[in-house]
Amino acid sequence: MITSLTNDTVKYVDKLKKKSSFRREEQCFVVEGIRMIREVPVCLRRMLFVTEESLKKYPELANWCDRVETVSDGVLQKLSDTQTPQGMLAVVRMPETRTAAEIRGEQDASRKQGSRKTEQCMDGGLDVGDPLIVVLDGLQDPGNVGTIIRTAEAYGATEVLIGANSADPFSPKVVRSTMGSVFRVPIYITEDLVGELSKLKASGVHVVGTHLSGTDFYAADLTGPIAILIGNEGNGLSDEVAETADVLVRIPMEGQVESLNAAISGSVVGYEILRQRRQGRS
């Protein structure tokens with residue numbers, strides 16, 4: 001049993017929890033709780049840390065991966081990112097990160113083969129019709145980023161493209177908010193969001209920006225290959241990213257409300273895209 005807070009492995013996991021640069025370097029991140037731990041595909045499992053009490057409650061965790069360590073309550077408390085730890089925590093590998101273009105190429109190949117899988121190492125996998133790419137520009141709130149990833153899976157997004165100026169999608173708070181979607185939705189972080197959007201447009205993807213000066217989104221054609229741009233919670237899309245859009249749309253609102261939370265806005269637009277696509281298939 002690991003009981004020392006100065007144990008090298010404990011310090012390693014603590015650093016993974018706190019530093020996004022270290023997570024990128026190690027290509028690993030931390031997940032907590034039985035629900036999330038059960039979501040992790042076998043091929044991504046690296047280390048599991050569990051208290052003796054939790055191991056008695058969930059004996060199947062003894063064989064969760066090749067390295068399972070029992071730890072004291074004090075050690076788990078140090079490693080946990082929550083006020084009330086659930087008695088277990090795991091280090092997992094990041095799903096393989098590739099360029100958006102590579103992912104789309106695989107989706108095209110899967111569609112031709114009649115497959116629903118977009119990632120070999122993902123549990124599940126999304127339908128691979130016309131691309132629906134959710135693009136995040138400068139979102140800072142981890143809860144918003146996680147919720148957007150989760151709802152993106154629900155309305156059929158094929159990819160989430162995240163600018164480097166947004167919250168790290170593999171931080172503990174974001175991962176918790178995804179409720180497991182982080183393992184099923186392909187996520188690509190780019191240092192050059194404008195450049196990546198230019199590639200999307202060149203490949204025939206229609207780029208739609210959410211913007212207060214846009215037109216009513218119910219009047220927009222949101223069928224076909226779509227990339228939907230969601231901007232910063234306070235300032236919206238940056239000028240550079242907004243300029244890449246083929247069209248700007250806004251959600252019509254009554255009363256004195258000017259805007260909605262970024263995650264809610266993304267969900268509303270995403271479900272309108274799903275509605276139009278289903279209507280077009282009927």
# chains A, B, ... in the order shown; residues from 1 in each chain; ligands from 1

$ residues_around --residues "Ser259 in chain A" --least-positions-apart "5" --cutoff "12 Å" --atoms "only C-alpha atoms" --output "PyMOL selection string"
chain A and resi 210-213+231-236+250-254+264-266

$ write_last_selection --atoms "N, CA and C atoms" --output "tab-separated table (two decimals), in the first residue's frame"
chain	number	residue	atom	x	y	z
A	210	THR	N	-21.27	31.28	-34.50
A	210	THR	CA	-22.31	31.83	-33.63
A	210	THR	C	-21.88	33.23	-33.21
A	211	HIS	N	-22.73	34.22	-33.46
A	211	HIS	CA	-22.32	35.61	-33.27
A	211	HIS	C	-23.56	36.48	-33.05
A	212	LEU	N	-23.45	37.46	-32.15
A	212	LEU	CA	-24.60	38.31	-31.84
A	212	LEU	C	-25.06	39.13	-33.04
A	213	SER	N	-24.17	39.38	-33.99
A	213	SER	CA	-24.55	40.15	-35.18
A	213	SER	C	-25.00	39.26	-36.33
A	231	GLY	N	-17.62	30.68	-29.38
A	231	GLY	CA	-16.60	31.58	-28.88
A	231	GLY	C	-16.53	31.69	-27.37
A	232	ASN	N	-15.63	32.55	-26.92
A	232	ASN	CA	-15.38	32.81	-25.51
A	232	ASN	C	-16.64	33.23	-24.76
A	233	GLU	N	-16.71	32.84	-23.48
A	233	GLU	CA	-17.90	33.10	-22.67
A	233	GLU	C	-18.27	34.58	-22.60
A	234	GLY	N	-17.28	35.46	-22.52
A	234	GLY	CA	-17.56	36.87	-22.37
A	234	GLY	C	-17.48	37.67	-23.65
A	235	ASN	N	-16.54	37.31	-24.53
A	235	ASN	CA	-16.27	38.12	-25.71
A	235	ASN	C	-16.69	37.48	-27.03
A	236	GLY	N	-17.16	36.26	-26.98
A	236	GLY	CA	-17.57	35.58	-28.21
A	236	GLY	C	-16.37	35.18	-29.06
A	250	ARG	N	-27.23	33.69	-35.15
A	250	ARG	CA	-27.51	33.92	-33.75
A	250	ARG	C	-28.81	33.23	-33.37
A	251	ILE	N	-28.94	32.92	-32.08
A	251	ILE	CA	-30.16	32.29	-31.57
A	251	ILE	C	-31.17	33.40	-31.27
A	252	PRO	N	-32.36	33.36	-31.84
A	252	PRO	CA	-33.37	34.39	-31.55
A	252	PRO	C	-33.79	34.31	-30.09
A	253	MET	N	-33.97	35.45	-29.45
A	253	MET	CA	-34.32	35.50	-28.02
A	253	MET	C	-35.41	36.51	-27.76
A	254	GLU	N	-36.25	36.19	-26.79
A	254	GLU	CA	-37.29	37.11	-26.34
A	254	GLU	C	-36.81	37.84	-25.09
A	264	ILE	N	-24.79	26.17	-23.47
A	264	ILE	CA	-26.20	26.10	-23.87
A	264	ILE	C	-26.36	26.52	-25.33
A	265	SER	N	-25.67	27.59	-25.72
A	265	SER	CA	-25.75	28.05	-27.11
A	265	SER	C	-25.30	26.95	-28.07
A	266	GLY	N	-24.17	26.31	-27.74
A	266	GLY	CA	-23.68	25.24	-28.59
A	266	GLY	C	-24.68	24.10	-28.70

$ residues_around --residues "Arg38 in chain A" --least-positions-apart "5" --cutoff "12 Å" --atoms "only C-alpha atoms" --output "number ranges by chain"
A: 31-33, 44-45, 48, 58, 60-61, 64-65, 88-90, 92, 123, 179-180, 183

$ residues_around --residues "range 187-202 of chain A" --least-positions-apart "4" --cutoff "9 Å" --atoms "only C-alpha atoms" --output "PyMOL selection string"
chain A and resi 95+97-101+135+137+149+159-165+168-169+182+206-207+227+240-241+244-246

$ write_last_selection --atoms "C-alpha atoms" --output "short mmCIF file (atom, residue, chain, number, x, y, z; two decimals), in the first residue's frame"
data_model
loop_
_atom_site.label_atom_id
_atom_site.label_comp_id
_atom_site.auth_asym_id
_atom_site.auth_seq_id
_atom_site.Cartn_x
_atom_site.Cartn_y
_atom_site.Cartn_z
CA PRO A 95 -6.81 8.85 -27.14
CA THR A 97 -4.37 12.76 -31.31
CA ARG A 98 -4.28 13.33 -35.04
CA THR A 99 -5.02 16.24 -37.32
CA ALA A 100 -8.63 16.97 -38.18
CA ALA A 101 -7.91 16.10 -41.80
CA VAL A 135 -14.98 24.31 -32.89
CA ASP A 137 -12.39 29.43 -29.70
CA ILE A 149 -18.00 17.74 -25.55
CA GLU A 159 -15.15 15.82 -33.94
CA VAL A 160 -14.40 18.60 -31.44
CA LEU A 161 -11.68 20.98 -32.62
CA ILE A 162 -10.24 23.09 -29.80
CA GLY A 163 -8.02 26.14 -30.12
CA ALA A 164 -4.99 26.21 -27.83
CA ASN A 165 -6.44 29.29 -26.09
CA ASP A 168 -7.46 21.89 -21.59
CA PRO A 169 -10.02 19.17 -22.49
CA VAL A 182 -14.00 12.34 -23.80
CA HIS A 206 -19.34 24.98 -44.43
CA VAL A 207 -18.11 27.07 -41.48
CA ALA A 227 -18.21 23.27 -38.63
CA GLU A 240 -9.74 36.34 -36.75
CA VAL A 241 -11.86 33.23 -36.24
CA THR A 244 -13.27 32.50 -41.41
CA ALA A 245 -17.01 31.84 -41.17
CA ASP A 246 -19.07 31.43 -44.33
#

$ atom_distance --atom1 "CA of Ser238 in chain A" --atom2 "CA of Ser166 in chain A"
12.1 Å

$ closest_residue --among "A:Gly74, A:Gly204, A:Gly156, A:Gly270" --to "Tyr218 in chain A" --atoms "only C-alpha atoms"
A:Gly270

$ residues_around --residues "Val50 in chain A" --least-positions-apart "3" --cutoff "8 Å" --atoms "only C-alpha atoms" --output "list of chain:residue names"
A:Ser54, A:Leu55, A:Val68, A:Glu69, A:Thr70, A:Val71, A:Leu76, A:Gly87, A:Met88, A:Leu89

$ closest_atom_pairs --of "range 147-183 of chain A" --to "range 9-28 of chain A" --cutoff "9 Å" --atoms "only C-alpha atoms" --output "tab-separated table"
residue	atom	partner	partner_atom	distance
A:Asp168	CA	A:Ser20	CA	6.7
A:Phe170	CA	A:Ser20	CA	7.8
A:Ser171	CA	A:Ser20	CA	6.9
A:Pro172	CA	A:Lys17	CA	6.6

$ select_by_dssp --residues "range 6-71 of chain A" --states "strand (DSSP E)" --output "number ranges by chain"
A: 28-32, 45-50, 68-70

$ write_last_selection --atoms "N, CA and C atoms" --output "PDB file, in the first residue's frame"
ATOM      1  N   CYS A  28      -0.946  11.628 -21.052  1.00  0.00           N
ATOM      2  CA  CYS A  28      -1.772  10.941 -20.060  1.00  0.00           C
ATOM      3  C   CYS A  28      -2.580  11.960 -19.270  1.00  0.00           C
ATOM      4  N   PHE A  29      -3.665  11.514 -18.667  1.00  0.00           N
ATOM      5  CA  PHE A  29      -4.442  12.372 -17.791  1.00  0.00           C
ATOM      6  C   PHE A  29      -5.094  11.536 -16.701  1.00  0.00           C
ATOM      7  N   VAL A  30      -5.793  12.203 -15.781  1.00  0.00           N
ATOM      8  CA  VAL A  30      -6.323  11.556 -14.586  1.00  0.00           C
ATOM      9  C   VAL A  30      -7.844  11.537 -14.634  1.00  0.00           C
ATOM     10  N   VAL A  31      -8.439  10.412 -14.258  1.00  0.00           N
ATOM     11  CA  VAL A  31      -9.892  10.316 -14.116  1.00  0.00           C
ATOM     12  C   VAL A  31     -10.224   9.786 -12.727  1.00  0.00           C
ATOM     13  N   GLU A  32     -11.386  10.173 -12.219  1.00  0.00           N
ATOM     14  CA  GLU A  32     -11.812   9.765 -10.882  1.00  0.00           C
ATOM     15  C   GLU A  32     -13.206   9.176 -10.899  1.00  0.00           C
ATOM     16  N   ARG A  45      -5.908   2.225 -20.506  1.00  0.00           N
ATOM     17  CA  ARG A  45      -5.684   2.101 -19.070  1.00  0.00           C
ATOM     18  C   ARG A  45      -4.199   1.940 -18.747  1.00  0.00           C
ATOM     19  N   ARG A  46      -3.739   2.739 -17.769  1.00  0.00           N
ATOM     20  CA  ARG A  46      -2.322   2.693 -17.406  1.00  0.00           C
ATOM     21  C   ARG A  46      -2.098   2.340 -15.939  1.00  0.00           C
ATOM     22  N   MET A  47      -2.693   3.096 -15.001  1.00  0.00           N
ATOM     23  CA  MET A  47      -2.519   2.839 -13.571  1.00  0.00           C
ATOM     24  C   MET A  47      -3.817   3.125 -12.838  1.00  0.00           C
ATOM     25  N   LEU A  48      -4.097   2.347 -11.794  1.00  0.00           N
ATOM     26  CA  LEU A  48      -5.266   2.577 -10.958  1.00  0.00           C
ATOM     27  C   LEU A  48      -4.840   2.649  -9.501  1.00  0.00           C
ATOM     28  N   PHE A  49      -5.368   3.643  -8.795  1.00  0.00           N
ATOM     29  CA  PHE A  49      -5.105   3.815  -7.374  1.00  0.00           C
ATOM     30  C   PHE A  49      -6.440   3.734  -6.642  1.00  0.00           C
ATOM     31  N   VAL A  50      -6.520   2.855  -5.664  1.00  0.00           N
ATOM     32  CA  VAL A  50      -7.804   2.601  -5.020  1.00  0.00           C
ATOM     33  C   VAL A  50      -7.589   2.330  -3.534  1.00  0.00           C
ATOM     34  N   VAL A  68      -2.307  -1.969 -10.484  1.00  0.00           N
ATOM     35  CA  VAL A  68      -3.325  -1.531  -9.539  1.00  0.00           C
ATOM     36  C   VAL A  68      -2.664  -1.381  -8.176  1.00  0.00           C
ATOM     37  N   GLU A  69      -2.727  -0.179  -7.612  1.00  0.00           N
ATOM     38  CA  GLU A  69      -2.089   0.122  -6.332  1.00  0.00           C
ATOM     39  C   GLU A  69      -3.151   0.489  -5.297  1.00  0.00           C
ATOM     40  N   THR A  70      -3.066  -0.130  -4.117  1.00  0.00           N
ATOM     41  CA  THR A  70      -3.902   0.330  -3.019  1.00  0.00           C
ATOM     42  C   THR A  70      -3.193   1.504  -2.344  1.00  0.00           C
TER      43      THR A  70
END

$ closest_residue --among "A:Ile226, A:Val247, A:Leu136, A:Val91" --to "Thr158 in chain A" --atoms "only C-alpha atoms"
A:Ile226

$ closest_residue --among "A:Ser203, A:Ser80, A:Thr178, A:Asn144" --to "Asn261 in chain A" --atoms "only C-alpha atoms"
A:Asn144

$ closest_residue --among "A:Met1, A:Ile228, A:Val40, A:Leu237" --to "Val205 in chain A" --atoms "only C-alpha atoms"
A:Ile228

$ select_by_dssp --residues "range 21-107 of chain A" --states "alpha helix (DSSP H)" --output "ChimeraX atom specification"
/A:21-26,34-39,52-57,73-79,100-107

$ residues_around --residues "Thr147 in chain A" --least-positions-apart "6" --cutoff "8 Å" --atoms "only C-alpha atoms" --output "MDAnalysis selection string"
chainID A and resid 174 177:178 263

$ write_last_selection --atoms "C-alpha atoms" --output "PDB file, in the first residue's frame"
ATOM      1  CA  VAL A 174     -13.348  19.055 -18.030  1.00  0.00           C
ATOM      2  CA  SER A 177     -18.029  17.220 -17.088  1.00  0.00           C
ATOM      3  CA  THR A 178     -17.824  15.055 -20.213  1.00  0.00           C
ATOM      4  CA  ALA A 263     -22.447  25.481 -23.580  1.00  0.00           C
TER       5      ALA A 263
END

$ closest_residue --among "A:Gly255, A:Gly138, A:Gly143, A:Pro85" --to "Thr51 in chain A" --atoms "only C-alpha atoms"
A:Pro85

$ closest_residue --among "A:Glu52, A:Asp130, A:Asp81, A:Asp8" --to "Arg277 in chain A" --atoms "only C-alpha atoms"
A:Asp130
